[in-house]
$ cat data.txt   # compact mmCIF, C-alpha atoms
# COMPACT_ATOMS: atom_id res chain seq x y z
CA MET A 1 -22.87 -5.60 1.01
CA CYS A 2 -21.04 -7.18 3.96
CA ASP A 3 -20.26 -5.24 7.14
CA SER A 4 -16.50 -5.53 6.69
CA LYS A 5 -16.72 -4.03 3.20
CA ALA A 6 -18.91 -1.21 4.51
CA ILE A 7 -16.48 -0.51 7.34
CA GLY A 8 -13.58 -0.51 4.91
CA LEU A 9 -15.42 1.97 2.71
CA LEU A 10 -16.18 4.20 5.71
CA SER A 11 -12.48 4.19 6.58
CA PHE A 12 -11.63 5.21 3.03
CA ILE A 13 -14.24 7.99 3.18
CA ARG A 14 -12.88 9.16 6.53
CA ASP A 15 -9.39 9.49 5.05
CA GLU A 16 -10.74 11.34 2.03
CA ILE A 17 -12.73 13.74 4.19
CA GLY A 18 -9.71 14.37 6.37
CA TYR A 19 -7.62 15.22 3.33
CA CYS A 20 -10.30 17.55 1.98
CA LEU A 21 -10.90 19.33 5.27
CA GLN A 22 -7.22 20.14 5.54
CA ASN A 23 -7.78 22.25 2.43
CA ASN A 24 -11.31 23.41 3.22
CA GLY A 25 -12.48 23.58 6.83
CA ASP A 26 -16.06 24.51 5.98
CA SER A 27 -18.20 24.06 9.10
CA MET A 28 -21.37 23.40 7.08
CA VAL A 29 -19.69 20.60 5.14
CA LEU A 30 -18.17 19.19 8.33
CA ALA A 31 -21.55 19.13 10.07
CA ALA A 32 -23.17 17.42 7.07
CA PHE A 33 -20.57 14.67 6.95
CA SER A 34 -20.64 14.23 10.74
CA SER A 35 -24.37 13.58 10.74
CA ALA A 36 -24.24 11.25 7.75
CA LEU A 37 -21.34 9.20 9.13
CA ALA A 38 -23.05 8.86 12.49
CA ARG A 39 -26.29 7.73 10.89
CA ILE A 40 -24.65 5.09 8.70
CA LYS A 41 -22.47 3.88 11.57
CA LEU A 42 -25.56 3.33 13.71
CA LYS A 43 -27.15 1.37 10.89
CA ILE A 44 -24.14 -0.93 10.62
CA GLU A 45 -23.96 -1.37 14.40
CA SER A 46 -27.65 -2.20 14.63
CA THR A 47 -27.33 -5.01 12.09
CA LYS A 48 -24.52 -6.73 13.99
CA ALA A 49 -24.39 -5.51 17.57
CA GLU A 50 -22.07 -8.28 18.77
CA ASP A 51 -19.32 -7.12 16.42
CA GLN A 52 -19.44 -3.37 16.78
CA PRO A 53 -16.55 -1.59 15.04
CA ASP A 54 -14.47 0.93 16.94
CA ARG A 55 -16.08 4.38 16.63
CA ALA A 56 -12.68 6.09 16.37
CA LYS A 57 -11.55 3.81 13.55
CA ILE A 58 -14.65 4.56 11.52
CA CYS A 59 -15.14 8.22 12.22
CA GLY A 60 -11.52 9.25 12.63
CA PRO A 61 -10.09 12.42 14.15
CA TYR A 62 -11.51 14.76 11.52
CA ILE A 63 -15.19 13.84 12.01
CA PRO A 64 -16.34 14.64 15.54
CA ILE A 65 -19.80 13.37 16.44
CA GLU A 66 -21.37 16.34 18.18
CA ARG A 67 -24.83 14.90 18.85
CA ASN A 68 -26.78 11.66 18.80
CA VAL A 69 -28.39 10.81 15.49
CA GLU A 70 -31.45 8.61 15.33
CA ALA A 71 -31.25 5.64 12.97
CA ASN A 72 -34.28 6.79 10.97
CA GLU A 73 -33.16 10.42 10.60
CA GLU A 74 -33.55 11.79 7.06
CA TYR A 75 -30.49 13.76 6.03
CA ASP A 76 -29.69 14.43 2.39
CA LEU A 77 -25.94 14.91 2.46
CA PHE A 78 -25.44 15.08 -1.29
CA ASP A 79 -27.99 17.83 -1.86
CA SER A 80 -26.56 19.82 1.04
CA ILE A 81 -23.07 19.86 -0.43
CA TYR A 82 -24.38 20.27 -3.98
CA SER A 83 -26.19 23.44 -2.90
CA ILE A 84 -22.97 24.76 -1.35
CA ILE A 85 -21.05 24.08 -4.56
CA THR A 86 -23.79 25.64 -6.70
CA SER A 87 -23.91 28.82 -4.62
CA ARG A 88 -20.15 29.21 -4.66
CA SER A 89 -19.93 28.50 -8.39
CA ALA A 90 -22.54 31.17 -9.08
CA ALA A 91 -20.61 33.68 -7.00
CA ASP A 92 -17.08 32.85 -8.14
CA ASN A 93 -17.78 31.50 -11.67
CA ASP A 94 -15.75 28.46 -10.68
CA ALA A 95 -16.34 25.55 -8.37
CA ASP A 96 -13.87 24.80 -5.59
CA PRO A 97 -12.02 21.55 -6.52
CA THR A 98 -12.04 20.45 -2.89
CA CYS A 99 -15.80 20.90 -2.65
CA ILE A 100 -16.26 18.99 -5.90
CA ARG A 101 -14.20 16.12 -4.53
CA MET A 102 -16.31 16.15 -1.38
CA LEU A 103 -19.42 16.01 -3.56
CA VAL A 104 -18.13 12.73 -5.02
CA ILE A 105 -17.43 11.41 -1.52
CA ALA A 106 -20.92 12.47 -0.44
CA ALA A 107 -22.52 10.54 -3.30
CA ILE A 108 -20.59 7.40 -2.34
CA LEU A 109 -21.47 7.82 1.31
CA GLN A 110 -25.12 8.38 0.51
CA GLY A 111 -25.17 5.28 -1.70
CA LEU A 112 -23.68 3.30 1.16
CA GLY A 113 -26.34 4.68 3.48
CA CYS A 114 -29.05 3.57 1.10
CA LEU A 115 -27.62 0.03 1.00
CA VAL A 116 -27.02 -0.49 4.71
CA SER A 117 -30.39 1.08 5.58
CA GLY A 118 -32.30 -1.08 3.12
CA GLU A 119 -34.11 2.00 1.84
CA GLN A 120 -35.29 0.72 -1.52
CA ASN A 121 -37.42 3.81 -2.03
CA LYS A 122 -34.19 5.83 -2.27
CA GLN A 123 -32.45 3.63 -4.82
CA LEU A 124 -33.17 5.88 -7.81
CA LYS A 125 -32.13 9.02 -5.91
CA ALA A 126 -28.89 7.31 -4.86
CA LEU A 127 -28.13 6.24 -8.44
CA ASN A 128 -28.90 9.70 -9.81
CA ASP A 129 -26.65 11.34 -7.20
CA LEU A 130 -23.83 8.97 -8.14
CA ASP A 131 -24.39 9.97 -11.78
CA ARG A 132 -24.32 13.69 -10.92
CA ALA A 133 -21.11 13.20 -8.95
CA THR A 134 -19.50 11.39 -11.88
CA ILE A 135 -20.57 14.05 -14.39
CA VAL A 136 -19.61 17.05 -12.23
CA GLY A 137 -16.62 15.64 -10.38
CA ARG A 138 -14.99 13.51 -13.11
CA PRO A 139 -13.58 11.12 -10.48
CA PHE A 140 -10.84 8.62 -11.23
CA GLY A 141 -8.86 5.96 -9.41
CA LYS A 142 -10.33 4.76 -6.12
CA LEU A 143 -13.14 7.31 -6.14
CA LEU A 144 -14.40 6.08 -9.51
CA HIS A 145 -13.97 2.48 -8.34
CA TRP A 146 -16.19 3.07 -5.32
CA ILE A 147 -18.81 4.90 -7.38
CA ASN A 148 -19.03 1.96 -9.79
CA TYR A 149 -19.09 -0.41 -6.80
CA MET A 150 -22.06 1.46 -5.30
CA VAL A 151 -23.92 1.54 -8.63
CA GLU A 152 -23.42 -2.17 -9.20
CA HIS A 153 -24.59 -3.14 -5.71
CA ILE A 154 -27.64 -0.88 -5.74
CA GLU A 155 -28.69 -2.15 -9.19
CA ASN A 156 -28.14 -5.77 -8.16
CA LYS A 157 -29.99 -5.41 -4.87
CA TRP A 158 -32.98 -3.56 -6.31
CA PRO A 159 -33.15 -4.02 -10.11
CA LEU A 160 -35.06 -1.21 -11.75
CA PRO A 161 -37.48 -2.14 -14.56
CA ILE A 162 -36.14 -1.30 -17.99
CA PRO A 163 -38.91 -0.65 -20.51
CA ILE A 164 -38.55 -1.79 -24.09
CA LEU A 165 -40.41 1.00 -25.85
CA ASN A 166 -39.28 0.42 -29.41
CA GLU A 167 -39.40 -2.87 -31.29
CA GLN A 168 -36.78 -1.87 -33.84
CA ALA A 169 -33.55 -3.70 -33.09
CA ASN A 170 -31.40 -1.89 -35.62
CA THR A 171 -32.14 1.79 -36.11
CA CYS A 172 -29.20 2.94 -38.21
CA VAL A 173 -28.39 0.80 -41.22
CA GLU A 174 -27.94 2.83 -44.38
CA PRO A 175 -26.52 6.33 -44.92
CA VAL A 176 -28.90 9.05 -46.04
CA ASN A 177 -27.92 11.74 -48.58
CA LEU A 178 -24.16 11.56 -48.14
CA PRO A 179 -22.50 14.62 -49.70
CA ASN A 180 -20.06 14.43 -52.59
CA LEU A 181 -16.52 15.12 -51.44
CA LEU A 182 -14.65 17.82 -53.33
CA CYS A 183 -11.49 17.81 -51.19
CA PRO A 184 -11.22 14.31 -49.68
CA ILE A 185 -8.51 13.45 -47.18
CA GLU A 186 -6.13 10.50 -47.52
CA HIS A 187 -7.19 7.11 -46.26
CA TYR A 188 -5.26 3.91 -45.52
CA PHE A 189 -6.29 0.39 -44.63
CA ALA A 190 -5.47 -0.87 -41.17
CA ALA A 191 -3.44 -3.77 -42.59
CA ASN A 192 -1.05 -1.21 -44.12
CA MET A 193 -0.83 1.09 -41.08
CA ASP A 194 1.32 -0.30 -38.28
CA ILE A 195 2.21 1.84 -35.28
CA PHE A 196 5.64 2.70 -36.70
CA LYS A 197 4.16 4.17 -39.87
CA PHE A 198 1.50 5.92 -37.81
CA GLN A 199 4.14 7.46 -35.56
CA GLN A 200 6.15 8.63 -38.53
CA MET A 201 3.11 10.31 -40.06
CA ILE A 202 2.08 12.23 -36.96
CA GLN A 203 5.46 12.94 -35.34
CA ASP A 204 5.79 16.48 -36.71
CA ALA A 205 2.74 18.48 -35.63
CA ASN A 206 3.61 21.16 -38.21
CA GLU A 207 3.49 18.67 -41.07
CA SER A 208 0.95 16.08 -39.99
CA CYS A 209 -2.43 16.03 -41.72
CA PRO A 210 -5.71 14.29 -40.92
CA PHE A 211 -6.26 10.85 -42.43
CA ILE A 212 -8.57 7.85 -42.10
CA ILE A 213 -7.54 4.32 -41.14
CA LYS A 214 -10.24 2.13 -42.65
CA ASN A 215 -11.54 -1.01 -40.94
CA SER A 216 -9.32 -0.31 -37.97
CA ILE A 217 -11.94 -1.12 -35.34
CA SER A 218 -14.13 -3.55 -37.29
CA CYS A 219 -13.33 -6.30 -34.79
CA TRP A 220 -14.72 -4.41 -31.80
CA PRO A 221 -17.66 -6.16 -30.10
CA ALA A 222 -19.47 -2.80 -30.39
CA LEU A 223 -19.74 -3.47 -34.13
CA ASN A 224 -20.43 -7.18 -33.84
CA GLU A 225 -21.90 -9.38 -31.12
CA ARG A 226 -22.82 -6.41 -28.88
CA ASN A 227 -23.67 -4.06 -31.69
CA TRP A 228 -24.24 -0.46 -30.62
CA ALA A 229 -26.53 0.02 -33.61
CA ASN A 230 -29.02 -1.85 -31.44
CA PHE A 231 -30.04 0.99 -29.15
CA GLU A 232 -32.05 -1.37 -26.99
CA TYR A 233 -28.75 -3.08 -26.16
CA LEU A 234 -27.36 0.32 -25.15
CA ARG A 235 -30.43 0.91 -22.99
CA GLN A 236 -29.71 -2.35 -21.16
CA ALA A 237 -25.96 -1.75 -20.87
CA VAL A 238 -26.15 1.87 -19.73
CA GLY A 239 -29.42 1.70 -17.82
CA HIS A 240 -32.71 3.33 -18.70
CA HIS A 241 -32.69 5.49 -15.55
CA ARG A 242 -29.03 6.62 -15.54
CA LEU A 243 -28.59 10.38 -15.89
CA VAL A 244 -26.55 11.75 -18.79
CA PRO A 245 -25.77 15.36 -19.84
CA VAL A 246 -27.63 16.18 -23.06
CA GLU A 247 -27.01 19.30 -25.13
CA ILE A 248 -30.29 20.90 -26.20
CA GLY A 249 -30.21 23.15 -29.26
CA TYR A 250 -28.74 23.33 -32.75
CA ASN A 251 -25.20 23.71 -31.39
CA TYR A 252 -23.43 25.19 -28.39
CA ILE A 253 -22.74 28.63 -29.89
CA GLN A 254 -26.44 29.41 -30.32
CA GLN A 255 -28.10 31.65 -27.72
CA ASP A 256 -30.90 29.17 -27.03
CA TRP A 257 -28.46 26.30 -26.45
CA THR A 258 -28.53 24.65 -23.02
CA GLN A 259 -27.69 21.41 -21.26
CA ARG A 260 -29.96 19.15 -19.27
CA LEU A 261 -29.47 16.00 -17.27
CA MET A 262 -31.96 13.37 -18.38
CA PRO A 263 -32.35 9.62 -18.02
CA PHE A 264 -30.53 7.78 -20.79
CA GLY A 265 -33.65 5.86 -21.78
CA GLU A 266 -35.62 9.08 -22.08
CA PHE A 267 -32.87 10.43 -24.34
CA LEU A 268 -33.22 7.41 -26.61
CA ASP A 269 -37.01 7.56 -26.71
CA SER A 270 -37.46 11.31 -27.10
CA VAL A 271 -34.43 12.17 -29.26
CA ILE A 272 -32.91 9.20 -31.08
CA TYR A 273 -35.93 7.12 -32.08
CA PRO A 274 -38.15 9.96 -33.33
CA ALA A 275 -35.36 11.32 -35.52
CA ASP A 276 -34.47 7.90 -36.93
CA ASN A 277 -38.10 7.13 -37.68
CA GLY A 278 -38.50 10.36 -39.65
CA GLU A 279 -40.98 11.84 -37.22
CA VAL A 280 -41.50 15.60 -37.27
CA ARG A 281 -40.18 17.06 -34.06
CA ASN A 282 -41.00 20.56 -32.85
CA LYS A 283 -38.42 20.33 -30.07
CA PRO A 284 -34.79 21.47 -30.51
CA PRO A 285 -32.34 18.62 -31.21
CA GLY A 286 -30.53 16.81 -28.42
CA TYR A 287 -26.94 15.57 -28.43
CA LEU A 288 -25.00 13.45 -25.95
CA ALA A 289 -21.65 14.98 -26.87
CA GLN A 290 -18.09 14.49 -25.62
CA HIS A 291 -19.16 12.67 -22.50
CA ASP A 292 -17.20 9.93 -20.74
CA LEU A 293 -20.12 7.53 -20.64
CA PHE A 294 -17.72 4.68 -19.90
CA SER A 295 -17.09 6.05 -16.40
CA GLN A 296 -20.82 5.62 -15.70
CA ALA A 297 -21.66 2.57 -17.82
CA PHE A 298 -18.70 0.32 -17.07
CA ARG A 299 -20.39 -2.54 -18.97
CA LEU A 300 -19.62 -0.70 -22.21
CA ARG A 301 -15.89 -1.02 -21.57
CA ARG A 302 -16.01 -4.66 -22.65
CA ASP A 303 -17.29 -3.59 -26.08
CA TYR A 304 -14.11 -1.89 -27.29
CA TRP A 305 -10.39 -1.68 -26.67
CA LEU A 306 -8.04 1.18 -27.26
CA PRO A 307 -6.13 1.03 -30.55
CA ASP A 308 -2.38 0.62 -30.25
CA TYR A 309 -2.06 4.00 -31.96
CA THR A 310 -3.00 5.68 -28.66
CA GLN A 311 0.31 4.49 -27.20
CA VAL A 312 2.51 6.07 -29.86
CA ASP A 313 5.04 8.57 -28.54
CA THR A 314 4.36 11.83 -30.36
CA GLY A 315 6.81 13.92 -28.37
CA ARG A 316 3.86 16.16 -27.43
CA ARG A 317 2.80 14.15 -24.40
CA GLN A 318 3.98 11.32 -22.20
CA VAL A 319 2.81 7.86 -23.14
CA VAL A 320 0.21 6.92 -20.53
CA ALA A 321 -1.54 3.76 -19.42
CA ASP A 322 -4.80 2.79 -21.13
CA ASP A 323 -6.80 3.92 -18.09
CA ASP A 324 -5.39 7.45 -18.46
CA VAL A 325 -6.33 7.90 -22.11
CA SER A 326 -9.27 10.27 -22.40
CA THR A 327 -12.29 8.45 -23.85
CA ASN A 328 -15.55 10.18 -24.74
CA ILE A 329 -18.70 9.28 -26.62
CA TRP A 330 -20.91 11.21 -29.04
CA LEU A 331 -24.45 9.97 -29.60
CA GLY A 332 -27.03 11.95 -31.50
CA PRO A 333 -29.70 11.74 -34.19
CA ARG A 334 -29.25 12.43 -37.89
CA ASN A 335 -28.13 15.94 -38.84
CA THR A 336 -26.52 16.63 -35.46
CA VAL A 337 -23.90 19.37 -35.88
CA SER A 338 -20.77 20.36 -33.98
CA PRO A 339 -19.52 23.90 -34.76
CA LEU A 340 -16.05 24.50 -36.17
CA HIS A 341 -13.54 24.27 -33.31
CA TYR A 342 -10.12 22.94 -32.41
CA ASP A 343 -8.65 20.77 -29.65
CA LYS A 344 -5.33 21.12 -27.89
CA TYR A 345 -4.48 17.44 -28.21
CA ASP A 346 -4.28 14.75 -30.89
CA ASN A 347 -7.56 12.96 -31.56
CA LEU A 348 -8.47 9.49 -32.77
CA PHE A 349 -12.16 9.49 -33.66
CA ALA A 350 -13.74 6.02 -33.91
CA GLN A 351 -17.02 5.66 -35.82
CA VAL A 352 -19.17 2.83 -34.45
CA VAL A 353 -22.70 3.52 -35.73
CA GLY A 354 -23.85 5.63 -38.64
CA PHE A 355 -21.85 8.00 -40.81
CA LYS A 356 -20.25 11.31 -39.85
CA TYR A 357 -19.13 14.09 -42.15
CA PHE A 358 -16.07 16.17 -41.18
CA LYS A 359 -14.81 19.43 -42.66
CA LEU A 360 -11.30 20.18 -41.42
CA PHE A 361 -9.29 23.40 -41.73
CA SER A 362 -5.53 23.71 -41.28
CA PRO A 363 -4.31 25.77 -38.29
CA ASN A 364 -2.62 27.95 -40.92
CA TYR A 365 -6.07 29.47 -41.53
CA THR A 366 -6.80 30.37 -37.91
CA GLU A 367 -7.38 34.04 -38.67
CA GLU A 368 -9.58 33.24 -41.68
CA VAL A 369 -12.01 31.18 -39.56
CA TYR A 370 -12.52 33.98 -37.01
CA PRO A 371 -12.20 32.28 -33.61
CA HIS A 372 -13.88 33.90 -30.62
CA GLN A 373 -11.80 36.15 -28.36
CA LYS A 374 -9.08 34.43 -26.32
CA ASP A 375 -10.69 35.45 -23.03
CA SER A 376 -14.02 33.93 -24.09
CA ASN A 377 -15.34 30.54 -23.02
CA LEU A 378 -15.64 29.87 -26.78
CA SER A 379 -12.04 30.79 -27.57
CA THR A 380 -11.45 27.44 -29.31
CA THR A 381 -14.56 27.81 -31.50
CA SER A 382 -15.08 29.69 -34.77
CA GLN A 383 -17.70 32.41 -35.07
CA VAL A 384 -18.52 31.26 -38.61
CA ASN A 385 -21.46 29.02 -39.40
CA VAL A 386 -19.62 26.73 -41.81
CA ASP A 387 -22.88 25.41 -43.30
CA ALA A 388 -24.06 28.92 -44.23
CA PRO A 389 -21.16 31.38 -43.85
CA ASP A 390 -21.87 35.09 -43.79
CA HIS A 391 -19.17 36.31 -46.19
CA GLN A 392 -20.07 39.93 -45.57
CA GLN A 393 -19.41 39.61 -41.86
CA PHE A 394 -16.48 37.19 -42.29
CA PRO A 395 -14.93 38.08 -45.67
CA GLN A 396 -11.63 36.20 -45.18
CA PHE A 397 -13.39 32.88 -44.57
CA ALA A 398 -13.67 32.30 -48.32
CA GLN A 399 -9.86 32.06 -48.44
CA ALA A 400 -9.67 29.24 -45.90
CA LYS A 401 -8.94 25.91 -47.57
CA TYR A 402 -10.28 22.71 -46.10
CA VAL A 403 -10.29 18.94 -46.49
CA GLU A 404 -13.28 16.70 -45.84
CA CYS A 405 -14.26 13.11 -45.23
CA ILE A 406 -17.06 10.76 -44.30
CA VAL A 407 -16.17 8.39 -41.48
CA LYS A 408 -17.93 5.03 -41.70
CA PRO A 409 -18.48 2.28 -39.10
CA GLY A 410 -15.16 0.56 -38.41
CA ASP A 411 -13.03 3.58 -39.37
CA LEU A 412 -10.62 5.68 -37.32
CA LEU A 413 -10.04 9.34 -38.14
CA TYR A 414 -6.81 10.93 -36.98
CA ILE A 415 -7.11 14.69 -36.29
CA PRO A 416 -3.81 16.47 -35.53
CA VAL A 417 -3.41 18.75 -32.54
CA ALA A 418 -3.86 22.45 -33.29
CA LYS A 419 -0.51 24.24 -33.20
$ encode --input "data.txt" --output "structure tokens"
Amino acid sequence: MCDSKAIGLLSFIRDEIGYCLQNNGDSMVLAAFSSALARIKLKIESTKAEDQPDRAKICGPYIPIERNVEANEEYDLFDSIYSIITSRSAADNDADPTCIRMLVIAAILQGLGCLVSGEQNKQLKALNDLDRATIVGRPFGKLLHWINYMVEHIENKWPLPIPILNEQANTCVEPVNLPNLLCPIEHYFAANMDIFKFQQMIQDANESCPFIIKNSISCWPALNERNWANFEYLRQAVGHHRLVPVEIGYNYIQQDWTQRLMPFGEFLDSVIYPADNGEVRNKPPGYLAQHDLFSQAFRLRRDYWLPDYTQVDTGRRQVVADDDVSTNIWLGPRNTVSPLHYDKYDNLFAQVVGFKYFKLFSPNYTEEVYPHQKDSNLSTTSQVNVDAPDHQQFPQFAQAKYVECIVKPGDLLYIPVAK
């Protein structure tokens, strides 16, 4: 990473810190950033003494340097701010958005420090902190750009070994025990579903129904030359050591359910492969669910493109650029279950690998599916276990009518917004 690029990044960080400190003048955070900026600045100056950048231009008016900092000083900025955010979240049940933004800045700054210092022994820590910042902070725009920039440069400078622990190239080929459909939804072929017909079908949220568009994404590279059914390709594209949030437990309404950050390769080896190979597992299931993996693994973005249907004007939202469309990924072993719930926006669900069964209830049966209380964190989720409903506890559930489908690789499923 050249000095001019590093100086430009420091200037960007300075501006970001200044903006944040106008909203949150926390002395602990200020001291942490002051020390880190001073340390990195000294590193840059020491590599090119004849072209020393102006201290004021780098550090700016918001970051006073109160003491000398030795070039070899160990200071873990990210963990310092992460501990502040954690303590405040525990006390207030909500994290301060300004602190979260500063956490993202801290991860970028710490990654820069790792690069300019040549501290190869800290490469994995720097990558993991960038992952944590992406997962917790959900950055976008320039912040996400700089995170991806740091990740790319750290990985290129010090490539981490990626083990190939499973010789199977294709782990999900044929469906297993697909259920018979009693109330199937409508399906259409992509050739007969242009955006005008799609818009007409979904325009009225009170009348629109779920339907499948078959073979709509069959041309995606994710189903062809860079096939996501090859999980070893995913390991290479995402990175064996990159941290991802994995749900542990049968589903998120169970008392023993939890989440854990784990390396992506470990998730493949301990969750996906054992389940696909029919091994008996005594551990609770794991699920990488509703996670924007594309913000971390930018190489995966070349493997798909957004369908034109995402740009249809529904009257329920403004048409946005492709970069502003919410994109998430679900990756789990066979028999992974999501409880009955609803979303407050229209969904297009693309099936890339394997087969997924959906049971869908009309919003007209909201009372019959017994959602959790409105003030609950589970207010959008039903209390009923749809696979084994307790009709004594939830007697009206038997009156709720549903439709169902099996989404296959190459298919899109449209799910209307809940009214």
$ atom_distance --input "data.txt" --atom1 "atom CA of Ala398 of chain A" --atom2 "atom CA of Leu360 of chain A"
14.1 Å
$ atom_distance --input "data.txt" --atom1 "atom CA of Ala106 of chain A" --atom2 "atom CA of Ala6 of chain A"
14.7 Å
$ closest_residue --input "data.txt" --among "A:Pro263, A:Pro363, A:Pro285, A:Gly239" --to "Arg334 of chain A" --atoms "only C-alpha atoms"
A:Pro285
$ closest_residue --input "data.txt" --among "A:Val312, A:Cys219, A:Val325, A:Ile213" --to "Leu412 of chain A" --atoms "all atoms listed in the file"
A:Ile213
$ residues_around --input "data.txt" --residues "Val136 of chain A" --least-positions-apart "4" --cutoff "9 Å" --atoms "all atoms listed in the file" --output "PDB file with C-alpha atoms, in the frame of the given file"
ATOM      1  CA  ILE A 100     -16.260  18.990  -5.900  1.00  0.00           C
ATOM      2  CA  LEU A 103     -19.420  16.010  -3.560  1.00  0.00           C
ATOM      3  CA  VAL A 104     -18.130  12.730  -5.020  1.00  0.00           C
ATOM      4  CA  ASP A 131     -24.390   9.970 -11.780  1.00  0.00           C
ATOM      5  CA  ARG A 132     -24.320  13.690 -10.920  1.00  0.00           C
TER       6      ARG A 132
END
$ residues_around --input "data.txt" --residues "segment 378-381 of chain A" --least-positions-apart "6" --cutoff "6 Å" --atoms "all atoms listed in the file" --output "VMD selection string"
chain A and resid 340 to 342 371 to 372
$ closest_residue --input "data.txt" --among "A:Leu234, A:Thr98, A:Thr366, A:Ile154" --to "Asn121 of chain A" --atoms "only C-alpha atoms"
A:Ile154
